[in-house]
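Text of coords-v7.cif (mmCIF, C-alpha atoms and all ligand atoms) as supplied:
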```cif
data_entry
loop_
_atom_site.label_atom_id
_atom_site.label_comp_id
_atom_site.auth_asym_id
_atom_site.auth_seq_id
_atom_site.Cartn_x
_atom_site.Cartn_y
_atom_site.Cartn_z
CA MET O 9 95.97 89.31 124.95
CA GLU O 10 98.94 88.50 122.74
CA GLY O 11 100.11 91.18 120.31
CA TYR O 12 101.09 90.61 116.68
CA THR O 13 103.14 92.75 114.32
CA ALA O 14 103.00 92.57 110.53
CA SER O 15 105.06 94.51 108.03
CA ALA O 16 104.53 95.26 104.34
CA PRO O 17 106.86 96.83 101.78
CA GLY O 18 106.59 100.02 99.76
CA LYS O 19 106.74 100.01 95.95
CA LEU O 20 108.13 101.59 92.82
CA MET O 21 106.39 101.54 89.46
CA ILE O 22 108.87 100.34 86.83
CA PHE O 23 106.70 100.68 83.70
CA GLY O 24 103.08 101.41 82.87
CA GLU O 25 101.77 104.13 85.21
CA HIS O 26 98.56 105.79 83.99
CA ALA O 27 98.19 103.27 81.13
CA VAL O 28 97.29 100.68 83.81
CA LEU O 29 94.10 102.69 84.44
CA TYR O 30 93.19 102.26 80.74
CA GLY O 31 93.36 98.48 80.72
CA TYR O 32 97.06 97.98 79.99
CA PRO O 33 99.44 96.04 82.24
CA CYS O 34 102.17 97.57 84.41
CA ILE O 35 105.30 96.34 86.21
CA VAL O 36 105.91 97.13 89.88
CA THR O 37 108.64 96.15 92.33
CA ALA O 38 108.32 96.00 96.11
CA VAL O 39 111.07 97.93 97.96
CA ASP O 40 112.65 97.19 101.31
CA LEU O 41 111.24 100.19 103.18
CA ARG O 42 108.39 98.78 105.24
CA MET O 43 105.33 99.84 107.22
CA ARG O 44 104.92 97.96 110.50
CA VAL O 45 101.58 97.51 112.25
CA GLY O 46 101.17 96.04 115.73
CA VAL O 47 97.75 94.78 116.85
CA LYS O 48 96.57 93.76 120.31
CA LEU O 49 92.91 92.80 120.70
CA ASN O 50 90.91 93.52 123.85
CA SER O 51 87.33 93.22 125.04
CA GLY O 52 86.91 97.01 125.29
CA PRO O 53 84.45 99.06 123.24
CA SER O 54 86.93 100.97 121.07
CA VAL O 55 89.80 100.84 118.61
CA GLU O 56 92.82 102.94 119.50
CA VAL O 57 95.31 103.83 116.74
CA LYS O 58 98.77 105.18 117.57
CA THR O 59 100.86 106.52 114.71
CA ASP O 60 104.30 108.11 114.56
CA ILE O 61 102.67 111.19 112.98
CA SER O 62 100.79 112.33 116.09
CA PRO O 63 101.66 112.03 119.81
CA GLU O 64 97.99 111.46 120.73
CA PRO O 65 96.32 108.14 119.95
CA PHE O 66 93.19 108.30 117.84
CA ILE O 67 90.23 106.52 119.47
CA LEU O 68 87.00 105.41 117.81
CA SER O 69 84.12 103.34 119.20
CA ARG O 70 83.09 100.21 117.31
CA GLU O 71 79.80 101.92 116.58
CA GLN O 72 81.57 104.95 115.05
CA ILE O 73 83.64 102.65 112.86
CA GLU O 74 80.58 100.78 111.67
CA ARG O 75 78.79 104.08 111.02
CA ARG O 76 81.78 105.18 108.90
CA VAL O 77 82.41 108.47 110.69
CA ASP O 78 84.98 110.71 109.01
CA VAL O 79 88.51 110.27 110.36
CA PRO O 80 91.79 112.08 109.65
CA LYS O 81 93.66 110.84 106.59
CA GLU O 82 96.60 109.39 108.55
CA VAL O 83 94.40 106.85 110.35
CA SER O 84 91.70 106.36 107.71
CA PHE O 85 93.43 103.44 105.97
CA VAL O 86 93.77 101.56 109.28
CA ILE O 87 90.18 102.24 110.39
CA VAL O 88 88.64 101.28 107.06
CA ALA O 89 90.78 98.11 106.97
CA VAL O 90 89.48 97.20 110.44
CA ARG O 91 85.86 97.64 109.33
CA ARG O 92 86.39 95.64 106.10
CA PHE O 93 88.06 92.91 108.14
CA TRP O 94 85.11 92.80 110.59
CA GLU O 95 82.62 92.62 107.74
CA HIS O 96 84.50 89.84 105.95
CA PHE O 97 84.96 87.64 109.02
CA ASN O 98 81.76 88.69 110.80
CA LEU O 99 83.69 89.87 113.85
CA ALA O 100 84.05 93.00 115.95
CA PHE O 101 86.50 93.64 118.78
CA GLY O 102 88.32 96.32 120.71
CA ALA O 103 91.94 96.77 119.68
CA GLU O 104 95.13 98.73 120.19
CA ILE O 105 96.86 99.31 116.86
CA THR O 106 100.29 100.90 116.47
CA THR O 107 101.76 101.88 113.11
CA LYS O 108 105.43 102.64 112.44
CA SER O 109 106.90 103.71 109.15
CA GLU O 110 110.42 103.27 107.81
CA PHE O 111 109.71 105.99 105.24
CA THR O 112 107.79 109.24 104.98
CA TYR O 113 104.56 109.19 103.04
CA SER O 114 105.79 112.13 100.95
CA TYR O 115 108.18 109.93 98.91
CA GLY O 116 105.18 108.38 97.16
CA LEU O 117 106.46 104.88 97.86
CA GLY O 118 103.06 103.47 98.77
CA SER O 119 102.86 103.95 102.52
CA SER O 120 99.02 103.98 102.44
CA SER O 121 98.68 100.62 100.72
CA ALA O 122 101.49 99.10 102.82
CA VAL O 123 99.85 100.19 106.10
CA THR O 124 96.47 98.84 104.94
CA VAL O 125 97.95 95.47 103.98
CA ALA O 126 100.00 95.15 107.18
CA THR O 127 96.93 96.05 109.29
CA ILE O 128 94.85 93.28 107.74
CA ARG O 129 97.65 90.73 108.14
CA ALA O 130 98.21 91.62 111.81
CA LEU O 131 94.45 91.64 112.54
CA ALA O 132 94.12 88.10 111.13
CA SER O 133 96.89 86.77 113.40
CA ALA O 134 95.51 88.58 116.45
CA ALA O 135 91.96 87.31 115.77
CA LYS O 136 93.32 83.79 115.06
CA VAL O 137 91.73 83.50 111.63
CA GLU O 138 93.36 82.00 108.53
CA ILE O 139 93.80 84.49 105.71
CA SER O 140 95.24 83.93 102.22
CA LYS O 141 97.30 86.52 100.38
CA ASP O 142 94.50 86.78 97.81
CA THR O 143 91.99 87.69 100.55
CA ILE O 144 94.42 90.23 102.02
CA PHE O 145 94.72 91.75 98.53
CA ARG O 146 90.92 91.93 98.06
CA LEU O 147 90.21 93.46 101.48
CA ALA O 148 93.10 95.92 101.23
CA TYR O 149 92.24 96.97 97.66
CA GLU O 150 88.60 97.60 98.63
CA SER O 151 89.78 99.61 101.64
CA VAL O 152 92.19 101.75 99.60
CA LYS O 153 89.57 102.45 96.94
CA GLU O 154 87.06 103.44 99.63
CA VAL O 155 89.48 105.92 101.24
CA GLN O 156 90.76 107.37 97.96
CA ARG O 157 87.28 107.60 96.43
CA GLY O 158 88.62 107.40 92.92
CA ASP O 159 90.65 105.62 90.30
CA ALA O 160 93.22 103.23 91.74
CA SER O 161 94.61 100.23 89.89
CA GLY O 162 95.75 98.51 93.10
CA PHE O 163 99.33 97.90 91.82
CA ASP O 164 100.71 99.25 95.11
CA VAL O 165 98.46 96.95 97.16
CA ALA O 166 99.67 93.97 95.10
CA ALA O 167 103.33 94.91 95.70
CA ALA O 168 102.68 95.20 99.45
CA VAL O 169 100.96 91.79 99.58
CA TYR O 170 103.00 89.61 97.21
CA GLY O 171 106.33 91.46 97.11
CA GLY O 172 109.01 90.87 94.45
CA LEU O 173 108.56 92.05 90.89
CA LEU O 174 105.04 91.83 89.48
CA TYR O 175 103.31 92.05 86.12
CA TYR O 176 99.97 93.54 87.09
CA VAL O 177 96.63 94.34 85.46
CA SER O 178 94.21 96.78 87.16
CA GLY O 179 91.95 95.32 89.81
CA GLY O 180 94.28 92.36 90.18
CA SER O 181 92.80 90.49 87.18
CA THR O 182 96.41 89.40 86.46
CA ILE O 183 99.08 89.37 89.14
CA ARG O 184 102.10 87.44 87.97
CA GLU O 185 105.57 87.24 89.45
CA ILE O 186 108.43 88.17 87.10
CA ARG O 187 111.32 86.00 88.20
CA SER O 188 114.36 88.23 88.39
CA ASP O 189 117.46 88.00 90.59
CA SER O 190 118.36 91.65 90.55
CA LEU O 191 116.98 94.99 89.48
CA PRO O 192 119.69 97.62 90.07
CA LEU O 193 118.05 101.02 90.42
CA VAL O 194 119.12 104.41 91.69
CA VAL O 195 116.10 106.09 93.29
CA CYS O 196 115.99 109.85 93.69
CA TYR O 197 113.25 111.78 95.50
CA SER O 198 112.48 115.02 93.67
CA GLY O 199 111.76 117.03 96.82
CA THR O 200 108.11 117.52 95.89
CA LYS O 201 105.08 115.51 96.97
CA ALA O 202 102.72 114.75 94.11
CA SER O 203 98.94 114.38 94.23
CA THR O 204 98.09 111.14 92.46
CA VAL O 205 94.37 112.01 92.35
CA GLU O 206 95.09 115.34 90.64
CA LEU O 207 97.41 113.81 88.03
CA VAL O 208 95.06 110.93 87.27
CA GLY O 209 92.32 113.55 86.78
CA LYS O 210 94.56 115.60 84.48
CA VAL O 211 95.23 112.59 82.24
CA ARG O 212 91.50 111.68 82.24
CA GLN O 213 90.74 115.23 81.07
CA LEU O 214 93.37 115.02 78.31
CA HIS O 215 91.81 111.69 77.26
CA ARG O 216 88.40 113.37 76.99
CA ASP O 217 89.89 116.28 74.99
CA ARG O 218 92.21 114.28 72.72
CA PRO O 219 91.18 110.62 72.87
CA MET O 220 93.16 109.42 69.85
CA TYR O 221 96.36 111.09 71.01
CA VAL O 222 96.10 109.60 74.50
CA ASP O 223 95.02 106.15 73.28
CA GLU O 224 98.08 105.99 71.02
CA ILE O 225 100.37 106.83 73.96
CA MET O 226 98.68 104.27 76.20
CA THR O 227 99.00 101.57 73.54
CA GLU O 228 102.71 102.23 73.20
CA ILE O 229 103.18 102.20 76.99
CA GLY O 230 101.44 98.81 77.01
CA GLU O 231 103.97 97.55 74.44
CA ILE O 232 106.84 98.91 76.54
CA VAL O 233 105.55 96.94 79.55
CA ASN O 234 105.64 93.70 77.58
CA SER O 235 109.12 94.42 76.15
CA GLY O 236 110.14 95.48 79.66
CA GLU O 237 109.16 92.11 81.08
CA ALA O 238 111.40 90.38 78.52
CA ALA O 239 114.30 92.75 79.31
CA LEU O 240 113.88 92.13 83.05
CA LEU O 241 113.83 88.36 82.59
CA ALA O 242 117.00 88.57 80.47
CA ALA O 243 118.63 91.08 82.89
CA ASP O 244 119.28 93.18 79.76
CA TYR O 245 119.95 96.55 81.41
CA PRO O 246 120.80 98.53 78.26
CA GLN O 247 117.44 97.47 76.78
CA LEU O 248 115.68 98.18 80.09
CA GLY O 249 117.21 101.66 80.01
CA ARG O 250 116.08 102.32 76.42
CA LEU O 251 112.54 101.31 77.34
CA MET O 252 112.59 103.59 80.39
CA LYS O 253 113.67 106.56 78.29
CA ARG O 254 110.84 105.92 75.84
CA ASN O 255 108.32 105.46 78.68
CA GLN O 256 109.48 108.76 80.18
CA ASN O 257 108.96 110.59 76.87
CA LEU O 258 105.46 109.17 76.59
CA LEU O 259 104.65 110.23 80.17
CA ALA O 260 105.93 113.72 79.32
CA GLY O 261 103.54 113.62 76.35
CA LEU O 262 100.71 113.02 78.82
CA GLY O 263 101.80 116.15 80.71
CA VAL O 264 102.67 114.42 83.98
CA SER O 265 106.43 115.08 84.04
CA THR O 266 107.76 118.37 85.42
CA ASP O 267 110.87 120.49 84.86
CA VAL O 268 112.36 119.05 88.06
CA LEU O 269 111.65 115.46 87.03
CA ASP O 270 113.03 116.12 83.53
CA THR O 271 116.18 117.64 85.04
CA LEU O 272 116.69 114.62 87.29
CA VAL O 273 116.08 112.15 84.46
CA ASP O 274 118.58 114.04 82.24
CA SER O 275 121.14 114.15 85.07
CA ALA O 276 120.87 110.42 85.58
CA LEU O 277 121.56 109.90 81.88
CA VAL O 278 124.52 112.31 81.97
CA GLY O 279 125.75 110.15 84.85
CA SER O 280 125.73 107.20 82.43
CA ALA O 281 122.60 105.47 83.74
CA TYR O 282 121.18 103.15 81.06
CA GLY O 283 117.83 104.88 81.31
CA ALA O 284 115.61 106.79 83.73
CA LYS O 285 112.01 107.79 84.23
CA LEU O 286 109.58 109.17 86.76
CA SER O 287 107.89 106.49 88.86
CA GLY O 288 104.23 106.79 89.86
CA ALA O 289 101.70 109.40 88.88
CA GLY O 290 104.31 112.10 88.09
CA GLY O 291 104.18 115.75 89.19
CA GLY O 292 106.87 115.01 91.81
CA ASP O 293 107.77 112.02 94.03
CA CYS O 294 110.66 109.89 92.72
CA ILE O 295 112.60 109.11 89.58
CA ILE O 296 114.27 105.74 89.00
CA ALA O 297 117.40 105.10 86.94
CA VAL O 298 118.88 101.78 85.80
CA SER O 299 122.47 101.73 87.01
CA THR O 300 124.62 98.71 87.73
CA ALA O 301 127.64 98.56 90.05
CA GLU O 302 129.84 100.14 87.31
CA ASN O 303 127.77 103.27 86.73
CA ARG O 304 125.98 103.71 90.08
CA VAL O 305 128.48 106.17 91.61
CA ALA O 306 128.53 108.33 88.47
CA THR O 307 124.72 108.33 88.35
CA VAL O 308 124.41 109.34 92.01
CA ASP O 309 127.07 112.07 91.65
CA SER O 310 125.37 113.49 88.60
CA LEU O 311 121.96 113.52 90.33
CA MET O 312 123.43 115.22 93.39
CA SER O 313 125.02 117.96 91.30
CA ALA O 314 121.77 118.62 89.41
CA ASP O 315 120.17 121.96 90.11
CA VAL O 316 117.41 120.47 92.31
CA PRO O 317 117.98 121.69 95.89
CA ASN O 318 115.76 119.20 97.71
CA ALA O 319 116.60 116.12 95.67
CA LYS O 320 117.61 113.15 97.79
CA ILE O 321 118.97 109.70 96.92
CA LEU O 322 116.92 107.00 98.63
CA GLU O 323 118.81 103.86 99.57
CA VAL O 324 116.26 101.22 98.72
CA ALA O 325 116.60 97.65 97.55
CA THR O 326 114.16 96.30 94.97
CA LEU O 327 112.47 92.85 94.91
CA ALA O 328 111.58 93.04 98.62
CA GLU O 329 109.49 90.41 100.38
CA GLY O 330 105.72 90.91 100.59
CA VAL O 331 103.64 91.17 103.76
CA ARG O 332 104.85 89.07 106.68
CA ILE O 333 104.35 88.55 110.38
CA GLU O 334 107.33 89.86 112.37
CA PRO O 335 108.70 88.18 115.47
CA ASN O 336 107.61 89.98 118.64
O1 LIG O 401 101.42 108.12 92.46
P1 LIG O 401 101.49 106.67 92.75
O2 LIG O 401 102.86 106.23 93.15
O3 LIG O 401 100.42 106.22 93.67
O4 LIG O 401 101.23 105.94 91.36
C1 LIG O 401 100.06 106.15 90.62
C2 LIG O 401 100.04 105.27 89.41
C3 LIG O 401 98.80 105.45 88.53
O5 LIG O 401 98.89 104.51 87.47
C4 LIG O 401 98.77 106.85 87.92
C5 LIG O 401 97.50 105.24 89.31
C6 LIG O 401 97.23 103.80 89.69
O6 LIG O 401 96.44 103.58 90.62
O7 LIG O 401 97.76 102.88 89.04
#
```
Will you turn the file into structure tokens for me?
Amino acid sequence: MEGYTASAPGKLMIFGEHAVLYGYPCIVTAVDLRMRVGVKLNSGPSVEVKTDISPEPFILSREQIERRVDVPKEVSFVIVAVRRFWEHFNLAFGAEITTKSEFTYSYGLGSSSAVTVATIRALASAAKVEISKDTIFRLAYESVKEVQRGDASGFDVAAAVYGGLLYYVSGGSTIREIRSDSLPLVVCYSGTKASTVELVGKVRQLHRDRPMYVDEIMTEIGEIVNSGEAALLAADYPQLGRLMKRNQNLLAGLGVSTDVLDTLVDSALVGSAYGAKLSGAGGGDCIIAVSTAENRVATVDSLMSADVPNAKILEVATLAEGVRIEPN
């Protein structure tokens, strides 16, 4: 049977992490590092998943998938997406699924949501069923929540499906494109992988201990998101930078920044970036800095001379296209 390949982009949170889990909006951009998923259906009794993480394919019977047997993390997003797809379209089939990543999961750029979204898109083409982007979003979001068993706003799933720059409210109750021609960022990996679940739990605990303090921070982050949308639409980079600095201070107030992230943010500012902040849950992963053609080199140099041995500049373009079928 004919094979189909879909790809979906990774993401970077621009404004609003954590606050998005408390009902406020956030802004996310898709980035041009993609997850690719190839699907070939067959009439056999099992689903075989090949990843670039392990040399051995992972094989599950249809019955095991339907029974929800435990599977290793690296294939769980694919397997759960297959089961959700079967349930939605009332189908079941044997399949060979191959995933390939243009980026390591440790950057925190949303490889899990991108692989889930690309799997569902490729499955639909292989099974010859029509699927809208909204349905891909729903199925992928349900799959990601099932695997992560916890709080997840779904902003990364939305970026993988729709691409571009999005104004997003948790659960997808608002997903709106912000029309922008360019968003010039320097992206620097901190050298440390963060645990989103742990950091979300830490902020939840702080909210239980000091509700007024946390609510005040979340409210201000919500305001920054709305001002941020206006700055993005106007391509006002100095204002965008000011808002990022403020967002970073508020995230530090929630206890999710680290010495390494603070050092990188400060170095970006020394390198004349307009502003910088952590992106995502905090605790590690990446920082982003607003730097245009004039100050990009100085920002990169300053980040590279910071005292963070494993820091790495990631060459990524923002405003990337959402999920798509690739030519074979
Ligand atoms: O750590 P990341 O890149 O998955 O970002 C998490 C962002 C949070 O707002 C903390 C959680 C969420 O699901 O929105």
Which chain O residues have any atom within 6 Å of an atom of ligand LIG 401 (chain O), and for each, what is the nearest pair of atoms with distance in Å to one decimal, counting all atoms listed in the file, rows sorted by chain and number, as CSV?
```
residue,atom,partner,partner_atom,distance
O:Glu25,CA,O:LIG401,O5,3.7
O:His26,CA,O:LIG401,O5,3.7
O:Val28,CA,O:LIG401,O5,5.5
O:Leu29,CA,O:LIG401,O7,5.9
O:Gly116,CA,O:LIG401,O2,5.1
O:Ala160,CA,O:LIG401,O6,3.4
O:Ser161,CA,O:LIG401,O6,3.9
O:Gly162,CA,O:LIG401,O6,5.7
O:Phe163,CA,O:LIG401,O7,5.9
O:Thr204,CA,O:LIG401,O1,4.5
O:Val208,CA,O:LIG401,C4,5.6
O:Gly288,CA,O:LIG401,O4,3.5
O:Ala289,CA,O:LIG401,O1,3.8
```
Write the residues of the selection above to a file with C-alpha atoms, as an mmCIF file, in the frame of the given file.
```
data_model
loop_
_atom_site.group_PDB
_atom_site.id
_atom_site.type_symbol
_atom_site.label_atom_id
_atom_site.label_comp_id
_atom_site.auth_asym_id
_atom_site.auth_seq_id
_atom_site.Cartn_x
_atom_site.Cartn_y
_atom_site.Cartn_z
ATOM 1 C CA GLU O 25 101.770 104.130 85.210
ATOM 2 C CA HIS O 26 98.560 105.790 83.990
ATOM 3 C CA VAL O 28 97.290 100.680 83.810
ATOM 4 C CA LEU O 29 94.100 102.690 84.440
ATOM 5 C CA GLY O 116 105.180 108.380 97.160
ATOM 6 C CA ALA O 160 93.220 103.230 91.740
ATOM 7 C CA SER O 161 94.610 100.230 89.890
ATOM 8 C CA GLY O 162 95.750 98.510 93.100
ATOM 9 C CA PHE O 163 99.330 97.900 91.820
ATOM 10 C CA THR O 204 98.090 111.140 92.460
ATOM 11 C CA VAL O 208 95.060 110.930 87.270
ATOM 12 C CA GLY O 288 104.230 106.790 89.860
ATOM 13 C CA ALA O 289 101.700 109.400 88.880
#
```
### Query
So which residues are close to (105.1, 113.2, 94.4), meaning at most 12 Å away in the file's coordinates with all atoms listed in the file counted, and can you show them as JSON, numbers by chain?
{"O": [112, 113, 114, 115, 116, 117, 118, 196, 197, 198, 199, 200, 201, 202, 203, 204, 205, 206, 207, 264, 265, 266, 268, 269, 286, 287, 288, 289, 290, 291, 292, 293, 294, 295, 319]}
#### Entry: Polymer residues at most 7 Å from Leu68 (chain O), only C-alpha atoms, same-chain spacing of 3 or more positions, as an NGL selection string
:O and (54-56 or 72-73)
Dump of C-alpha atoms for the selected residues, as an mmCIF file, in the coordinates of the input:
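Final output, out03.cif:
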```
data_model
loop_
_atom_site.group_PDB
_atom_site.id
_atom_site.type_symbol
_atom_site.label_atom_id
_atom_site.label_comp_id
_atom_site.auth_asym_id
_atom_site.auth_seq_id
_atom_site.Cartn_x
_atom_site.Cartn_y
_atom_site.Cartn_z
ATOM 1 C CA SER O 54 86.930 100.970 121.070
ATOM 2 C CA VAL O 55 89.800 100.840 118.610
ATOM 3 C CA GLU O 56 92.820 102.940 119.500
ATOM 4 C CA GLN O 72 81.570 104.950 115.050
ATOM 5 C CA ILE O 73 83.640 102.650 112.860
#
```
### Message
I want to know what sits within 9 Å of Arg254 (chain O), based on only C-alpha atoms, with residues of the same chain fewer than 4 positions away left out; could you give that as a count of residues only?
### Response
8
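Across the model, the gap from CA of Val125 (chain O) to CA of Ala284 (chain O) is 29.2 Å.
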### Query
So which residues touch Val298 (chain O) within 9 Å, counting only C-alpha atoms, skipping near sequence neighbours fewer than 5 positions away, as a ChimeraX atom specification?
/O:191-194,245-246,248-249,252,276,281-284,304
Given the selection you just returned, output its residues as a file containing C-alpha atoms, formatted as a tab-separated table (two decimals), in the coordinates of the input.
```tsv
chain	number	residue	atom	x	y	z
O	191	LEU	CA	116.98	94.99	89.48
O	192	PRO	CA	119.69	97.62	90.07
O	193	LEU	CA	118.05	101.02	90.42
O	194	VAL	CA	119.12	104.41	91.69
O	245	TYR	CA	119.95	96.55	81.41
O	246	PRO	CA	120.80	98.53	78.26
O	248	LEU	CA	115.68	98.18	80.09
O	249	GLY	CA	117.21	101.66	80.01
O	252	MET	CA	112.59	103.59	80.39
O	276	ALA	CA	120.87	110.42	85.58
O	281	ALA	CA	122.60	105.47	83.74
O	282	TYR	CA	121.18	103.15	81.06
O	283	GLY	CA	117.83	104.88	81.31
O	284	ALA	CA	115.61	106.79	83.73
O	304	ARG	CA	125.98	103.71	90.08
```
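Each of O:Val152, O:Ile35, O:Ala134, O:Met220 was compared to Glu10 (chain O) using all atoms listed in the file, and O:Ala134 turns out to be the nearest.
In terms of minimum interatomic distance to Glu95 (chain O), O:Ser151 ranks closest within O:Ser62, O:Ser188, O:Ser151, O:Ser275, counting all atoms listed in the file.
Minimum atom-to-atom distances from O:Ile321, O:Leu262, O:Val79, O:Val45 to Thr124 (chain O) were compared using all atoms listed in the file, and the lowest value belongs to O:Val45.
Take CA of Thr326 (chain O) and CA of Lys19 (chain O): the distance between them is 8.4 Å.
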### Residue neighbourhood Thr143 (chain O), 12 Å, all atoms listed in the file, exclusion window fewer than 2 positions, as an MDAnalysis selection string
chainID O and resid 92:93 96:97 125 128:129 132 137:141 145:150 165:166 169:170 180
### Query
With all atoms listed in the file as the atoms that count, which of O:Gly263, O:Leu174, O:Thr227, O:Asp244 lies nearest to Ser299 (chain O)?
O:Asp244
For Ser313 (chain O), work out the shell of residues within 12 Å, counting all atoms listed in the file and skipping chain neighbours fewer than 3 positions away, then give it as a PDB file with C-alpha atoms, in the coordinates of the input.
```pdb
ATOM      1  CA  THR O 271     116.180 117.640  85.040  1.00  0.00           C
ATOM      2  CA  LEU O 272     116.690 114.620  87.290  1.00  0.00           C
ATOM      3  CA  ASP O 274     118.580 114.040  82.240  1.00  0.00           C
ATOM      4  CA  SER O 275     121.140 114.150  85.070  1.00  0.00           C
ATOM      5  CA  ALA O 276     120.870 110.420  85.580  1.00  0.00           C
ATOM      6  CA  VAL O 278     124.520 112.310  81.970  1.00  0.00           C
ATOM      7  CA  GLY O 279     125.750 110.150  84.850  1.00  0.00           C
ATOM      8  CA  ALA O 306     128.530 108.330  88.470  1.00  0.00           C
ATOM      9  CA  THR O 307     124.720 108.330  88.350  1.00  0.00           C
ATOM     10  CA  VAL O 308     124.410 109.340  92.010  1.00  0.00           C
ATOM     11  CA  ASP O 309     127.070 112.070  91.650  1.00  0.00           C
ATOM     12  CA  SER O 310     125.370 113.490  88.600  1.00  0.00           C
ATOM     13  CA  VAL O 316     117.410 120.470  92.310  1.00  0.00           C
ATOM     14  CA  PRO O 317     117.980 121.690  95.890  1.00  0.00           C
ATOM     15  CA  ASN O 318     115.760 119.200  97.710  1.00  0.00           C
ATOM     16  CA  ALA O 319     116.600 116.120  95.670  1.00  0.00           C
ATOM     17  CA  LYS O 320     117.610 113.150  97.790  1.00  0.00           C
ATOM     18  CA  ILE O 321     118.970 109.700  96.920  1.00  0.00           C
TER      19      ILE O 321
END
```
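When all atoms listed in the file are used to compute distances to Gly171 (chain O), the closest of the residues O:Ser15, O:Gln247, O:Asn234, O:Thr300 turns out to be O:Ser15.
What separates CA of Gly31 (chain O) from CA of Ser178 (chain O) is a distance of 6.7 Å.
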Region 127-139 of chain O from the block above, N, CA, C and O atoms, as a compact mmCIF listing (two decimals), in the first residue's frame, please?
```
# COMPACT_ATOMS: atom_id res chain seq x y z
N THR O 127 1.64 12.38 13.10
CA THR O 127 1.11 11.01 13.02
C THR O 127 -0.35 11.03 12.56
O THR O 127 -0.73 10.29 11.63
N ILE O 128 -1.14 11.88 13.18
CA ILE O 128 -2.58 11.90 12.84
C ILE O 128 -2.78 12.36 11.40
O ILE O 128 -3.57 11.78 10.65
N ARG O 129 -1.99 13.34 10.97
CA ARG O 129 -2.13 13.82 9.59
C ARG O 129 -1.76 12.72 8.58
O ARG O 129 -2.46 12.51 7.58
N ALA O 130 -0.66 12.02 8.85
CA ALA O 130 -0.22 10.96 7.93
C ALA O 130 -1.20 9.78 7.94
O ALA O 130 -1.49 9.19 6.89
N LEU O 131 -1.74 9.44 9.11
CA LEU O 131 -2.72 8.35 9.20
C LEU O 131 -3.94 8.66 8.35
O LEU O 131 -4.46 7.79 7.64
N ALA O 132 -4.40 9.92 8.39
CA ALA O 132 -5.61 10.29 7.64
C ALA O 132 -5.37 10.12 6.14
O ALA O 132 -6.23 9.58 5.43
N SER O 133 -4.20 10.54 5.65
CA SER O 133 -3.92 10.37 4.22
C SER O 133 -3.82 8.89 3.87
O SER O 133 -4.38 8.45 2.87
N ALA O 134 -3.13 8.12 4.71
CA ALA O 134 -2.95 6.70 4.41
C ALA O 134 -4.29 5.96 4.43
O ALA O 134 -4.54 5.06 3.63
N ALA O 135 -5.19 6.36 5.35
CA ALA O 135 -6.49 5.68 5.46
C ALA O 135 -7.53 6.29 4.52
O ALA O 135 -8.69 5.87 4.53
N LYS O 136 -7.11 7.31 3.76
CA LYS O 136 -7.99 7.98 2.78
C LYS O 136 -9.25 8.55 3.44
O LYS O 136 -10.37 8.36 2.97
N VAL O 137 -9.05 9.22 4.59
CA VAL O 137 -10.19 9.92 5.19
C VAL O 137 -9.88 11.42 5.22
O VAL O 137 -8.73 11.83 5.37
N GLU O 138 -10.92 12.22 5.04
CA GLU O 138 -10.78 13.68 5.13
C GLU O 138 -10.59 14.05 6.60
O GLU O 138 -11.28 13.49 7.45
N ILE O 139 -9.70 14.99 6.86
CA ILE O 139 -9.56 15.44 8.25
C ILE O 139 -9.28 16.94 8.25
O ILE O 139 -8.47 17.42 7.47
```
